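Okay, so here's the structure we're looking at.
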Number of protein chains: 2
Amino acid sequence: MSSSRAVRRGRRPGAPDTRAEILTSARGLFAAHGFGGTTMRAVAAGAGVDAALVHHYFGTKDDLFLAALDIPVDPRIVVAPVVAGGPEGAGERFLTAFLSVWDDPEVRPSLLAVARGVMDPAGHRLLSEGFLPVVIEPIGTALGIDRAEHRMPLVASQVIGLIMLRYVFEVEPLASMPAERVIATYAPTIQRYLTGPLP
Amino acid sequence: MSSSRAVRRGRRPGAPDTRAEILTSARGLFAAHGFGGTTMRAVAAGAGVDAALVHHYFGTKDDLFLAALDIPVDPRIVVAPVVAGGPEGAGERFLTAFLSVWDDPEVRPSLLAVARGVMDPAGHRLLSEGFLPVVIEPIGTALGIDRAEHRMPLVASQVIGLIMLRYVFEVEPLASMPAERVIATYAPTIQRYLTGPLP
């Protein structure tokens, strides 16, 4: 698949200063209190605006969280084909979607910045209380797999390790491995975590 | 297995100031230049001593690297039973050895400090040019598996993701999962990376 449809283009509406102040407030609160511990009302208060304006500019709290990450793709659009195909083969489709954005030289720098932010102690909750509930766990729920809340963290544990070695630490042979080979290597692991027998 | 035999006890020999100066020099050089880019001679020069003294106090460069990490276990002793049992079942033994130290409340704080050091941009080479060649890759070589240099980074990619979710980010259900269940969950993955068919 191509990631081009998921790439945001052009300016979004809203007064630039107010938008920027809302995003700054949101980033600080998500990093300090996690996704669950941050309310739209608190983000609005931090920016000195009304909560209705935050909703008007950014939509839902999920939307605001993804906007605050400042990545040029919407991961929910990227993973849509993973869900649409059903549980069978979902491991391979998940990796294909995932590598299509991480291997895109226009997108990777932003994703690396987010990965580094997650690894910083101040940003740890971005993963456990942001990416997991907003991006990863809904995939399992939408696929209709059993025990999604148990299985999706397993998927995340392999995908995060792959990100670290291939993209952050650039460890060979993973760093230079063609995408198709990475997908074929990891697809059985992800598929087992999604739908296989587990203890 | 118990990790008690791998835990260092008591003081090691050597004048405390000189030892500390050598370790400070080693930590700075390993972090800046990686394991491969650091010589015993440079460590000695940084501490203002002769290279022979570094060897006398710390042994080989592998030994110095592990001493510089300041963890209360020698990972080479911890993984010895993994290697001794041969390739069959090595995935399960690897995870058993690995969890025996990470789940030990006396050892975990030191390991977490190392993990956070690795995630810091200044410490990235500790993994790719330290842990992988000194601790992880020799396991594959000693097991006599084919393409160890290809397989061991795959093992590392899963183990690092597991460390991140279970110990650093403390994501449930992994954070509270009994060790036996973690081992049973991940053993097929590690075993396939060690000895299974790969593309």
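Identifiers in the structure tokens: chain A, B, ... in order shown; residue index from 1 per chain; ligand index from 1 in order shown.
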
Can you superpose chain A onto chain B by least squares over all C-alpha atoms paired in order and give the moved copy as a CSV table (one decimal) with C-alpha atoms, in the first residue's frame?
chain,number,residue,atom,x,y,z
A,1,MET,CA,17.6,-20.8,37.4
A,2,SER,CA,18.7,-18.5,40.1
A,3,SER,CA,20.7,-15.4,39.3
A,4,SER,CA,22.5,-15.5,42.7
A,5,ARG,CA,25.7,-17.0,41.3
A,6,ALA,CA,26.0,-14.2,38.8
A,7,VAL,CA,25.6,-11.4,41.4
A,8,ARG,CA,28.9,-9.7,42.2
A,9,ARG,CA,29.8,-9.5,45.9
A,10,GLY,CA,32.4,-7.6,47.8
A,11,ARG,CA,35.0,-5.2,46.6
A,12,ARG,CA,37.2,-5.9,43.6
A,13,PRO,CA,40.9,-5.2,44.0
A,14,GLY,CA,42.7,-1.9,42.9
A,15,ALA,CA,43.1,1.6,44.3
A,16,PRO,CA,39.6,3.0,44.4
A,17,ASP,CA,40.5,6.4,42.8
A,18,THR,CA,42.3,4.8,39.9
A,19,ARG,CA,39.6,2.3,39.3
A,20,ALA,CA,36.9,5.0,39.3
A,21,GLU,CA,38.9,7.2,36.9
A,22,ILE,CA,39.3,4.3,34.5
A,23,LEU,CA,35.6,3.5,34.7
A,24,THR,CA,34.7,7.2,34.1
A,25,SER,CA,37.0,7.3,31.1
A,26,ALA,CA,35.6,4.0,29.8
A,27,ARG,CA,31.9,5.2,30.1
A,28,GLY,CA,32.6,8.4,28.3
A,29,LEU,CA,34.4,6.7,25.4
A,30,PHE,CA,32.0,3.7,25.0
A,31,ALA,CA,29.1,6.1,24.9
A,32,ALA,CA,30.7,8.4,22.4
A,33,HIS,CA,32.5,6.0,20.2
A,34,GLY,CA,30.8,2.6,20.8
A,35,PHE,CA,32.5,-0.6,21.8
A,36,GLY,CA,34.4,-1.1,18.5
A,37,GLY,CA,35.6,2.5,18.4
A,38,THR,CA,37.1,2.4,21.9
A,39,THR,CA,40.6,1.1,22.6
A,40,MET,CA,42.0,0.1,25.9
A,41,ARG,CA,44.8,2.5,25.2
A,42,ALA,CA,42.3,5.4,24.8
A,43,VAL,CA,40.6,4.5,28.1
A,44,ALA,CA,44.0,4.4,29.8
A,45,ALA,CA,45.0,7.8,28.4
A,46,GLY,CA,41.6,9.3,29.5
A,47,ALA,CA,42.3,8.1,33.0
A,48,GLY,CA,46.0,9.2,32.9
A,49,VAL,CA,47.3,5.7,33.5
A,50,ASP,CA,49.1,3.0,31.5
A,51,ALA,CA,47.1,0.6,29.4
A,52,ALA,CA,48.6,-2.4,31.3
A,53,LEU,CA,47.0,-1.1,34.4
A,54,VAL,CA,43.5,-1.1,32.8
A,55,HIS,CA,44.1,-4.7,31.8
A,56,HIS,CA,45.4,-5.5,35.3
A,57,TYR,CA,42.3,-4.0,37.0
A,58,PHE,CA,39.6,-5.0,34.5
A,59,GLY,CA,40.8,-7.8,32.3
A,60,THR,CA,39.6,-7.8,28.6
A,61,LYS,CA,37.8,-5.0,26.9
A,62,ASP,CA,34.6,-7.1,27.2
A,63,ASP,CA,35.1,-7.2,30.9
A,64,LEU,CA,35.7,-3.5,31.1
A,65,PHE,CA,32.6,-2.8,29.0
A,66,LEU,CA,30.5,-4.8,31.4
A,67,ALA,CA,32.1,-3.2,34.5
A,68,ALA,CA,31.4,0.2,33.0
A,69,LEU,CA,27.7,-0.6,32.8
A,70,ASP,CA,27.7,-1.0,36.6
A,71,ILE,CA,25.1,-3.7,36.7
A,72,PRO,CA,25.2,-6.2,39.6
A,73,VAL,CA,25.3,-9.3,37.3
A,74,ASP,CA,27.6,-10.5,34.6
A,75,PRO,CA,25.3,-11.3,31.7
A,76,ARG,CA,27.8,-13.8,30.3
A,77,ILE,CA,27.3,-15.9,33.5
A,78,VAL,CA,23.5,-15.5,33.3
A,79,VAL,CA,23.3,-16.8,29.7
A,80,ALA,CA,25.8,-19.7,30.2
A,81,PRO,CA,23.0,-22.2,30.8
A,82,VAL,CA,21.3,-21.0,27.6
A,83,VAL,CA,24.3,-22.0,25.6
A,84,ALA,CA,25.1,-25.2,27.5
A,85,GLY,CA,21.8,-26.8,26.6
A,86,GLY,CA,22.3,-26.5,22.8
A,87,PRO,CA,19.9,-25.1,20.2
A,88,GLU,CA,16.8,-27.1,21.1
A,89,GLY,CA,14.8,-25.3,23.7
A,90,ALA,CA,17.2,-22.4,23.7
A,91,GLY,CA,14.4,-19.8,23.3
A,92,GLU,CA,12.7,-20.9,26.5
A,93,ARG,CA,16.1,-21.1,28.4
A,94,PHE,CA,17.0,-17.6,27.1
A,95,LEU,CA,13.8,-16.1,28.4
A,96,THR,CA,14.1,-17.9,31.7
A,97,ALA,CA,17.6,-16.6,32.2
A,98,PHE,CA,16.7,-13.2,31.1
A,99,LEU,CA,13.6,-12.9,33.4
A,100,SER,CA,15.5,-14.3,36.3
A,101,VAL,CA,17.6,-11.1,36.5
A,102,TRP,CA,15.0,-8.6,35.3
A,103,ASP,CA,12.4,-9.9,37.7
A,104,ASP,CA,14.9,-9.8,40.6
A,105,PRO,CA,14.0,-6.7,42.7
A,106,GLU,CA,17.7,-6.2,43.7
A,107,VAL,CA,18.9,-6.2,40.2
A,108,ARG,CA,16.2,-4.5,38.2
A,109,PRO,CA,16.9,-0.9,39.2
A,110,SER,CA,20.5,-1.2,37.8
A,111,LEU,CA,19.2,-2.8,34.6
A,112,LEU,CA,16.6,0.0,34.2
A,113,ALA,CA,19.3,2.6,34.6
A,114,VAL,CA,21.2,0.9,31.8
A,115,ALA,CA,18.1,0.6,29.6
A,116,ARG,CA,17.5,4.3,30.1
A,117,GLY,CA,21.1,5.1,29.2
A,118,VAL,CA,20.7,3.1,26.0
A,119,MET,CA,17.6,5.0,25.1
A,120,ASP,CA,19.4,8.3,25.6
A,121,PRO,CA,20.8,9.5,22.3
A,122,ALA,CA,24.3,9.7,23.8
A,123,GLY,CA,24.1,6.0,24.7
A,124,HIS,CA,22.7,4.5,21.5
A,125,ARG,CA,26.0,2.9,20.6
A,126,LEU,CA,25.9,1.0,23.9
A,127,LEU,CA,23.4,-1.4,22.3
A,128,SER,CA,24.5,-1.7,18.7
A,129,GLU,CA,28.2,-1.7,19.5
A,130,GLY,CA,28.2,-3.0,23.0
A,131,PHE,CA,25.4,-5.3,24.2
A,132,LEU,CA,24.9,-6.9,20.8
A,133,PRO,CA,28.6,-7.9,20.1
A,134,VAL,CA,29.5,-8.5,23.7
A,135,VAL,CA,26.4,-10.3,25.1
A,136,ILE,CA,23.9,-11.2,22.5
A,137,GLU,CA,25.8,-12.3,19.4
A,138,PRO,CA,28.2,-14.6,21.3
A,139,ILE,CA,25.1,-16.6,22.4
A,140,GLY,CA,24.3,-17.5,18.8
A,141,THR,CA,27.9,-18.3,17.9
A,142,ALA,CA,28.3,-20.5,21.0
A,143,LEU,CA,25.0,-22.3,20.1
A,144,GLY,CA,26.4,-23.1,16.7
A,145,ILE,CA,23.3,-21.9,14.9
A,146,ASP,CA,23.5,-20.9,11.2
A,147,ARG,CA,23.6,-17.2,10.3
A,148,ALA,CA,24.0,-16.1,13.9
A,149,GLU,CA,24.8,-12.6,12.8
A,150,HIS,CA,21.4,-12.4,11.1
A,151,ARG,CA,19.4,-14.2,13.8
A,152,MET,CA,20.6,-12.6,17.0
A,153,PRO,CA,19.4,-9.1,16.0
A,154,LEU,CA,15.9,-10.6,15.5
A,155,VAL,CA,16.1,-12.0,19.1
A,156,ALA,CA,17.3,-8.6,20.3
A,157,SER,CA,14.4,-6.9,18.6
A,158,GLN,CA,11.8,-8.9,20.5
A,159,VAL,CA,13.7,-8.9,23.9
A,160,ILE,CA,14.2,-5.1,23.7
A,161,GLY,CA,10.5,-4.5,23.0
A,162,LEU,CA,9.6,-6.8,25.9
A,163,ILE,CA,11.9,-4.9,28.2
A,164,MET,CA,10.4,-1.6,27.1
A,165,LEU,CA,6.7,-2.7,27.7
A,166,ARG,CA,7.1,-4.9,30.8
A,167,TYR,CA,9.8,-3.0,32.7
A,168,VAL,CA,10.3,0.6,31.4
A,169,PHE,CA,6.7,1.6,30.4
A,170,GLU,CA,5.0,-1.0,32.7
A,171,VAL,CA,2.2,-1.7,30.2
A,172,GLU,CA,-0.4,-4.2,31.3
A,173,PRO,CA,-1.0,-7.1,31.1
A,174,LEU,CA,2.8,-7.6,30.5
A,175,ALA,CA,4.0,-5.7,33.6
A,176,SER,CA,2.1,-7.9,36.0
A,177,MET,CA,2.2,-11.2,34.0
A,178,PRO,CA,3.8,-14.1,35.9
A,179,ALA,CA,7.3,-14.9,34.5
A,180,GLU,CA,6.2,-18.5,33.4
A,181,ARG,CA,3.5,-17.0,31.3
A,182,VAL,CA,5.8,-14.4,29.7
A,183,ILE,CA,8.3,-17.2,28.9
A,184,ALA,CA,5.6,-19.4,27.4
A,185,THR,CA,4.3,-16.5,25.3
A,186,TYR,CA,7.6,-15.4,23.8
A,187,ALA,CA,9.5,-18.7,23.7
A,188,PRO,CA,8.1,-19.8,20.3
A,189,THR,CA,9.1,-16.4,18.8
A,190,ILE,CA,12.7,-16.5,20.2
A,191,GLN,CA,13.1,-20.2,19.2
A,192,ARG,CA,12.0,-19.4,15.6
A,193,TYR,CA,14.4,-16.5,15.4
A,194,LEU,CA,17.2,-18.8,16.7
A,195,THR,CA,16.6,-22.0,14.8
A,196,GLY,CA,13.5,-21.7,12.6
A,197,PRO,CA,13.1,-21.1,8.9
A,198,LEU,CA,13.6,-17.5,8.0
A,199,PRO,CA,13.3,-15.7,4.6

Check chain B with DSSP on the backbone and list each residue it calls helix (DSSP H, G or I), as a ChimeraX atom specification. /B:4-6,16-33,40-47,51-58,61-69,75-78,80-84,90-102,108-119,121-143,148-168,179-195
